[in-house]
Every structure is written in C-alpha cells, then in structure tokens.
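As stored in coords_13.tsv (TSV, C-alpha atoms and all ligand atoms):
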```
chain	number	residue	atom	x	y	z
A	5	MET	CA	109.50	85.35	78.42
A	6	ARG	CA	106.91	85.70	81.11
A	7	ARG	CA	106.86	88.42	83.75
A	8	ILE	CA	103.66	88.87	85.72
A	9	ILE	CA	103.44	91.84	88.10
A	10	ILE	CA	100.67	91.80	90.68
A	11	ILE	CA	99.47	95.07	92.19
A	12	GLY	CA	96.63	96.26	94.43
A	13	TYR	CA	95.86	97.65	97.84
A	14	MET	CA	97.08	96.15	101.12
A	15	GLY	CA	95.00	93.09	101.96
A	16	ALA	CA	93.98	92.32	98.37
A	17	GLY	CA	95.84	89.01	98.52
A	18	LYS	CA	98.74	89.86	96.19
A	19	THR	CA	101.29	87.72	98.00
A	20	THR	CA	98.94	84.76	98.41
A	21	VAL	CA	97.90	84.86	94.76
A	22	GLY	CA	101.47	85.42	93.59
A	23	LYS	CA	102.84	82.48	95.56
A	24	THR	CA	100.11	80.12	94.37
A	25	LEU	CA	100.58	81.17	90.76
A	26	ALA	CA	104.31	80.78	90.96
A	27	GLN	CA	103.86	77.21	92.19
A	28	GLU	CA	101.31	76.47	89.52
A	29	LEU	CA	103.44	77.89	86.73
A	30	ASN	CA	106.68	76.64	88.21
A	31	LEU	CA	108.21	80.12	88.17
A	32	PRO	CA	110.17	81.92	90.88
A	33	PHE	CA	108.17	84.29	93.03
A	34	TYR	CA	109.38	87.66	94.24
A	35	ASP	CA	107.56	89.86	96.69
A	36	LEU	CA	108.94	93.38	96.36
A	37	ASP	CA	108.64	94.05	100.12
A	38	TRP	CA	110.56	90.86	100.93
A	39	TYR	CA	113.14	91.74	98.32
A	40	ILE	CA	113.55	95.19	99.89
A	41	GLU	CA	113.91	93.64	103.34
A	42	SER	CA	116.57	91.18	102.23
A	43	ARG	CA	118.54	93.74	100.21
A	44	MET	CA	118.37	96.38	102.96
A	45	ARG	CA	118.67	93.88	105.83
A	46	LYS	CA	115.86	95.78	107.53
A	47	THR	CA	112.13	95.29	107.83
A	48	VAL	CA	109.77	97.59	105.93
A	49	LYS	CA	108.70	98.94	109.31
A	50	GLU	CA	112.29	99.76	110.27
A	51	ILE	CA	112.82	101.56	106.97
A	52	PHE	CA	109.64	103.61	107.52
A	53	ASP	CA	110.75	104.41	111.08
A	54	GLU	CA	114.25	105.42	110.06
A	55	ARG	CA	113.67	107.19	106.74
A	56	GLY	CA	109.96	108.03	106.69
A	57	GLU	CA	107.62	107.17	103.84
A	58	GLU	CA	109.59	109.26	101.35
A	59	GLY	CA	112.78	107.32	102.07
A	60	PHE	CA	110.93	104.03	101.74
A	61	ARG	CA	109.42	105.07	98.39
A	62	LEU	CA	112.81	105.85	96.94
A	63	ILE	CA	114.20	102.47	97.99
A	64	GLU	CA	111.06	100.77	96.70
A	65	HIS	CA	111.43	102.56	93.35
A	66	ASN	CA	115.10	101.63	93.00
A	67	LEU	CA	114.61	98.00	93.95
A	68	LEU	CA	111.54	97.65	91.73
A	69	HIS	CA	113.96	98.36	88.90
A	70	GLU	CA	116.09	95.40	90.00
A	71	VAL	CA	113.28	92.92	90.49
A	72	ALA	CA	111.39	93.83	87.35
A	73	GLU	CA	114.43	93.04	85.23
A	74	PHE	CA	114.35	89.36	86.23
A	75	GLU	CA	112.92	87.13	83.53
A	76	ASP	CA	110.25	84.47	83.86
A	77	VAL	CA	109.03	85.52	87.27
A	78	ILE	CA	105.93	86.36	89.22
A	79	ILE	CA	106.32	89.58	91.21
A	80	SER	CA	103.93	91.02	93.78
A	81	CYS	CA	104.38	94.64	94.84
A	82	GLY	CA	103.50	96.56	97.99
A	83	GLY	CA	100.23	98.48	97.81
A	84	GLY	CA	101.86	101.86	97.27
A	85	ALA	CA	104.48	100.78	94.73
A	86	PRO	CA	102.52	101.60	91.55
A	87	CYS	CA	101.53	105.02	92.89
A	88	PHE	CA	104.90	106.74	93.17
A	89	TYR	CA	107.36	108.02	90.57
A	90	ASP	CA	106.56	106.54	87.15
A	91	ASN	CA	106.42	103.06	88.66
A	92	ILE	CA	103.14	101.95	87.08
A	93	ASP	CA	104.29	102.92	83.58
A	94	TYR	CA	107.55	101.11	84.14
A	95	MET	CA	105.69	98.03	85.40
A	96	ASN	CA	103.50	98.05	82.29
A	97	GLN	CA	106.56	98.29	80.15
A	98	GLN	CA	108.21	95.38	81.91
A	99	GLY	CA	105.41	92.87	82.13
A	100	ASP	CA	101.80	91.81	82.41
A	101	THR	CA	100.42	93.92	85.22
A	102	VAL	CA	97.46	92.48	87.09
A	103	TYR	CA	95.43	94.62	89.48
A	104	LEU	CA	93.65	92.66	92.22
A	105	LYS	CA	90.68	94.88	92.92
A	106	ALA	CA	88.57	94.64	96.08
A	107	THR	CA	86.06	96.83	97.89
A	108	PRO	CA	87.22	98.75	100.99
A	109	GLU	CA	85.07	96.41	103.13
A	110	VAL	CA	86.79	93.28	101.82
A	111	LEU	CA	90.23	94.85	102.19
A	112	TYR	CA	89.46	95.89	105.73
A	113	GLY	CA	88.25	92.36	106.55
A	114	HIS	CA	91.45	90.79	105.20
A	115	LEU	CA	93.67	93.31	106.98
A	116	LYS	CA	91.89	92.72	110.27
A	117	MET	CA	92.49	88.97	109.96
A	118	GLY	CA	96.14	89.34	108.98
A	119	LYS	CA	98.84	89.47	111.59
A	120	SER	CA	101.53	91.57	109.92
A	121	VAL	CA	102.09	95.16	111.02
A	122	ARG	CA	101.53	97.66	108.22
A	123	PRO	CA	103.33	100.90	109.05
A	124	LEU	CA	100.64	103.01	107.39
A	125	LEU	CA	97.90	101.46	109.51
A	126	GLN	CA	99.52	101.24	112.91
A	127	ASN	CA	98.24	103.38	115.78
A	128	LYS	CA	94.85	103.81	114.09
A	129	THR	CA	91.48	102.73	115.45
A	130	SER	CA	89.25	100.47	113.34
A	131	GLU	CA	87.16	103.47	112.31
A	132	GLU	CA	90.25	105.44	111.33
A	133	VAL	CA	91.57	102.51	109.30
A	134	LYS	CA	88.27	102.29	107.40
A	135	VAL	CA	88.32	106.01	106.58
A	136	PHE	CA	92.00	105.80	105.62
A	137	ILE	CA	91.43	102.87	103.23
A	138	ASN	CA	88.56	104.71	101.55
A	139	GLU	CA	90.58	107.87	101.11
A	140	GLN	CA	93.69	106.10	99.90
A	141	LEU	CA	91.80	103.98	97.41
A	142	GLN	CA	90.43	107.11	95.78
A	143	ILE	CA	93.93	108.47	95.40
A	144	ARG	CA	95.43	105.17	94.26
A	145	GLU	CA	92.71	103.87	91.95
A	146	PRO	CA	93.89	105.99	88.96
A	147	PHE	CA	97.30	104.31	89.24
A	148	TYR	CA	95.99	100.80	89.83
A	149	SER	CA	93.55	101.08	86.95
A	150	LYS	CA	96.43	101.61	84.54
A	151	ALA	CA	97.29	97.92	84.94
A	152	LYS	CA	96.83	95.84	81.81
A	153	TYR	CA	94.36	93.52	83.56
A	154	THR	CA	91.98	94.15	86.44
A	155	LEU	CA	90.60	91.20	88.35
A	156	ASP	CA	87.84	91.37	90.92
A	157	VAL	CA	88.85	89.58	94.11
A	158	ASN	CA	85.81	90.33	96.22
A	159	LEU	CA	84.57	86.78	96.07
A	160	MET	CA	86.82	84.13	97.45
A	161	ASP	CA	85.97	81.72	94.61
A	162	ASN	CA	87.45	84.30	92.29
A	163	TYR	CA	90.91	83.16	93.33
A	164	GLU	CA	90.31	80.01	91.29
A	165	LYS	CA	89.28	82.16	88.32
A	166	ILE	CA	92.27	84.42	88.82
A	167	LYS	CA	94.55	81.42	88.73
A	168	ILE	CA	93.01	80.20	85.49
A	169	PHE	CA	93.17	83.69	83.95
A	170	VAL	CA	96.77	84.41	84.87
A	171	THR	CA	97.94	80.93	83.99
A	172	LYS	CA	96.90	81.70	80.43
A	173	LEU	CA	98.71	85.04	80.14
A	201	LIG	C1	102.22	99.79	101.63
A	201	LIG	C2	101.95	98.45	101.51
A	201	LIG	C3	102.80	97.42	102.10
A	201	LIG	C4	104.23	97.91	102.23
A	201	LIG	C5	104.28	99.20	102.97
A	201	LIG	C6	103.45	100.30	102.30
A	201	LIG	C7	101.29	100.78	101.02
A	201	LIG	O1	102.75	96.24	101.31
A	201	LIG	O2	104.84	98.05	100.98
A	201	LIG	O3	103.85	98.96	104.27
A	201	LIG	O4	101.65	101.95	100.88
A	201	LIG	O5	100.18	100.38	100.63
A	201	LIG	P1	101.44	95.27	101.19
A	201	LIG	O6	100.51	95.87	100.18
A	201	LIG	O7	102.02	93.98	100.69
A	201	LIG	O8	100.86	95.17	102.54
```
Can the structure in the file be given as structure tokens, please?
Amino acid sequence: MRRIIIIGYMGAGKTTVGKTLAQELNLPFYDLDWYIESRMRKTVKEIFDERGEEGFRLIEHNLLHEVAEFEDVIISCGGGAPCFYDNIDYMNQQGDTVYLKATPEVLYGHLKMGKSVRPLLQNKTSEEVKVFINEQLQIREPFYSKAKYTLDVNLMDNYEKIKIFVTKL
C-alpha cells in the first residue's frame, strides 16, 4: 500500500508535484484544500471569512483524517496543515511524508506568479508578504522538518529529481 503525503509552504509546488506524480504512478490524487472545499461546499477563503483561521484549522484537521485513510493515493496538504494539532505526527503514521523545501525568495516568486487568492496573504503589500513568509517559515520549519523526506525544490530541474525520488518510494 502506497500513501504519499506532500507538505510544504504555500508556493512550494505541492499541488503541481502531487498531480504529476499521481499521473506517473497511476494513483488518485487528493489535494486537502480541494477535498475541504468539496466536502464543505465552500471555498477555503469563504471558510476563513466565516469561521476565522481557528475554524478552518479544525475542519482541516478533521478532513485530513478522512483523506489520509484512503489507500494507494498521493495527497498534497495546505501549507499550514502539518503545523496544527498533532497533524504532522499523524501524517507520518499514515504515510510517506515528503517536505518540498524552498527558500523564502523562491516561494515569494512562485506566489507572485500564481493567480489564486491565499487568505493569509491577502491585503498585504509585497514587502509585508516577504516579511510574513520569513516569519512563518521560522515557526513552521520545525513541523515541516519532521517529514520523513525533505526535498529541495529551489531549482526547477529538481522537479525531475523529485519525480524520480518519489516514484521509488
Ligand atoms: C495555508 C495554505 C493554503 C490553504 C490556506 C492556508 C497556510 O494552501 O490551506 O489558505 O496556512 O499556509 P496552499 O499551501 O496549497 O496554498
């Protein structure tokens, strides 16, 4: 049984990598944020707006427990998922956790290019976003680094290496 759980900060490429891997390995792909949205029939942004971050984290925690029970799957999780409750320990228990690690500069670059609205980053100037990413990474790194595998995604050509690495898990 194969269950690969991809974690990392916003903009690390978790969904992109997860989707590609799922195709390559011919396994179903679940993105925890998408799963939350379909189960709740609300966008992540709507959940944040209506219930605040705390409300979102509880839903995320509960639905992680549904998704991470599926067998033979690739799962990618929202950037904060491993950092609340005992989620990272649970993830490690359930599967092969892979941390996609990138520098704040690379993350910022990817986030700037992306079109989706991240509730935690909205209404912030570029400078504020940079400071925020730096601060959050310091808080989150101890959780992320508990993953079974850490892969550097700073170089684009690493995606090829990541694919090869994860395909062999
Ligand atoms: C969050 C990351 C988002 C989403 C939510 C909160 C975070 O997912 O779960 O907006 O706390 O880092 P992505 O990492 O897929 O953007």
When distances are computed from all atoms listed in the file, which of A:Val110, A:Leu29, A:Ile78, A:Leu124 shows the smallest separation from ligand LIG 201 (chain A)?
->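 Nearest to ligand LIG 201 (chain A): A:Leu124.
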List every protein, DNA or RNA residue that has at least one atom no more than 10 Å from (86.6, 93.2, 100.3) in the file's coordinates, counting only C-alpha atoms, and write the result as a PyMOL selection string.
-> chain A and resi 15-16+105-115+156-160
Return as AutoDock Vina command-line options the box centre and box size in Å, one decimal, for an axis-aligned box around all listed atoms of ligand LIG 201 (chain A) padded by 8 Å per side.
```
--center_x 102.5 --center_y 98.0 --center_z 102.2 --size_x 20.7 --size_y 24.0 --size_z 20.1
```
Pick from A:Gln126, A:Asn91, A:Thr171, A:Asn162, whichever lies nearest to ligand LIG 201 (chain A) using only C-alpha atoms and all ligand atoms =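 Using only C-alpha atoms and all ligand atoms, ligand LIG 201 (chain A) sits closest to A:Gln126.
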Contact residues around Pro146 (chain A) with all atoms listed in the file at 12 Å, ignoring same-chain residues under 2 positions, as a PyMOL selection string | chain A and resi 12+86-88+92+103+140-144+148-151
Quote the spacing between CA of Pro32 (chain A) and CA of Glu57 (chain A) in Å to one decimal place.
-> 28.5 Å
Between chain A and ligand LIG 201 (chain A), at 8 Å or less, what are the per-residue closest atom pairs and their distances in Å? Count only C-alpha atoms and all ligand atoms, order by chain and rising residue number, and return it as a Markdown table.
```
| residue | atom | partner | partner_atom | distance |
| --- | --- | --- | --- | --- |
| A:Gly12 | CA | A:LIG201 | O6 | 6.9 |
| A:Tyr13 | CA | A:LIG201 | O6 | 5.5 |
| A:Met14 | CA | A:LIG201 | O6 | 3.6 |
| A:Gly15 | CA | A:LIG201 | O8 | 6.2 |
| A:Ala16 | CA | A:LIG201 | O6 | 7.6 |
| A:Lys18 | CA | A:LIG201 | O7 | 6.9 |
| A:Thr19 | CA | A:LIG201 | O7 | 6.9 |
| A:Asp35 | CA | A:LIG201 | O7 | 8.0 |
| A:Leu36 | CA | A:LIG201 | O2 | 7.7 |
| A:Asp37 | CA | A:LIG201 | O2 | 5.6 |
| A:Val48 | CA | A:LIG201 | O3 | 6.3 |
| A:Lys49 | CA | A:LIG201 | O3 | 7.0 |
| A:Ser80 | CA | A:LIG201 | O7 | 7.8 |
| A:Cys81 | CA | A:LIG201 | O7 | 6.3 |
| A:Gly82 | CA | A:LIG201 | O1 | 3.4 |
| A:Gly83 | CA | A:LIG201 | O5 | 3.4 |
| A:Gly84 | CA | A:LIG201 | O4 | 3.6 |
| A:Ala85 | CA | A:LIG201 | O2 | 6.8 |
| A:Val121 | CA | A:LIG201 | O3 | 7.9 |
| A:Arg122 | CA | A:LIG201 | O3 | 4.8 |
| A:Pro123 | CA | A:LIG201 | O3 | 5.2 |
| A:Leu124 | CA | A:LIG201 | O3 | 6.0 |
```
Using the selection just defined, write its residues with C-alpha atoms as a PDB file, in the coordinates of the input.
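The result, written out as result-v7.pdb:
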```
ATOM      1  CA  GLY A  12      96.630  96.260  94.430  1.00  0.00           C
ATOM      2  CA  TYR A  13      95.860  97.650  97.840  1.00  0.00           C
ATOM      3  CA  MET A  14      97.080  96.150 101.120  1.00  0.00           C
ATOM      4  CA  GLY A  15      95.000  93.090 101.960  1.00  0.00           C
ATOM      5  CA  ALA A  16      93.980  92.320  98.370  1.00  0.00           C
ATOM      6  CA  LYS A  18      98.740  89.860  96.190  1.00  0.00           C
ATOM      7  CA  THR A  19     101.290  87.720  98.000  1.00  0.00           C
ATOM      8  CA  ASP A  35     107.560  89.860  96.690  1.00  0.00           C
ATOM      9  CA  LEU A  36     108.940  93.380  96.360  1.00  0.00           C
ATOM     10  CA  ASP A  37     108.640  94.050 100.120  1.00  0.00           C
ATOM     11  CA  VAL A  48     109.770  97.590 105.930  1.00  0.00           C
ATOM     12  CA  LYS A  49     108.700  98.940 109.310  1.00  0.00           C
ATOM     13  CA  SER A  80     103.930  91.020  93.780  1.00  0.00           C
ATOM     14  CA  CYS A  81     104.380  94.640  94.840  1.00  0.00           C
ATOM     15  CA  GLY A  82     103.500  96.560  97.990  1.00  0.00           C
ATOM     16  CA  GLY A  83     100.230  98.480  97.810  1.00  0.00           C
ATOM     17  CA  GLY A  84     101.860 101.860  97.270  1.00  0.00           C
ATOM     18  CA  ALA A  85     104.480 100.780  94.730  1.00  0.00           C
ATOM     19  CA  VAL A 121     102.090  95.160 111.020  1.00  0.00           C
ATOM     20  CA  ARG A 122     101.530  97.660 108.220  1.00  0.00           C
ATOM     21  CA  PRO A 123     103.330 100.900 109.050  1.00  0.00           C
ATOM     22  CA  LEU A 124     100.640 103.010 107.390  1.00  0.00           C
TER      23      LEU A 124
END
```
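A straight line drawn from CA of Ile10 (chain A) to CA of Thr129 (chain A) is 28.6 Å long.
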Expressed in Å to a single decimal, how great is the separation between CA of Leu68 (chain A) and CA of Gln97 (chain A)?
->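 Those two atoms sit 12.6 Å apart.
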Nearest to Leu25 (chain A) by atom-to-atom distance, counting all atoms listed in the file, from A:Phe60, A:Ile79, A:Thr101, A:Glu132 = A:Ile79
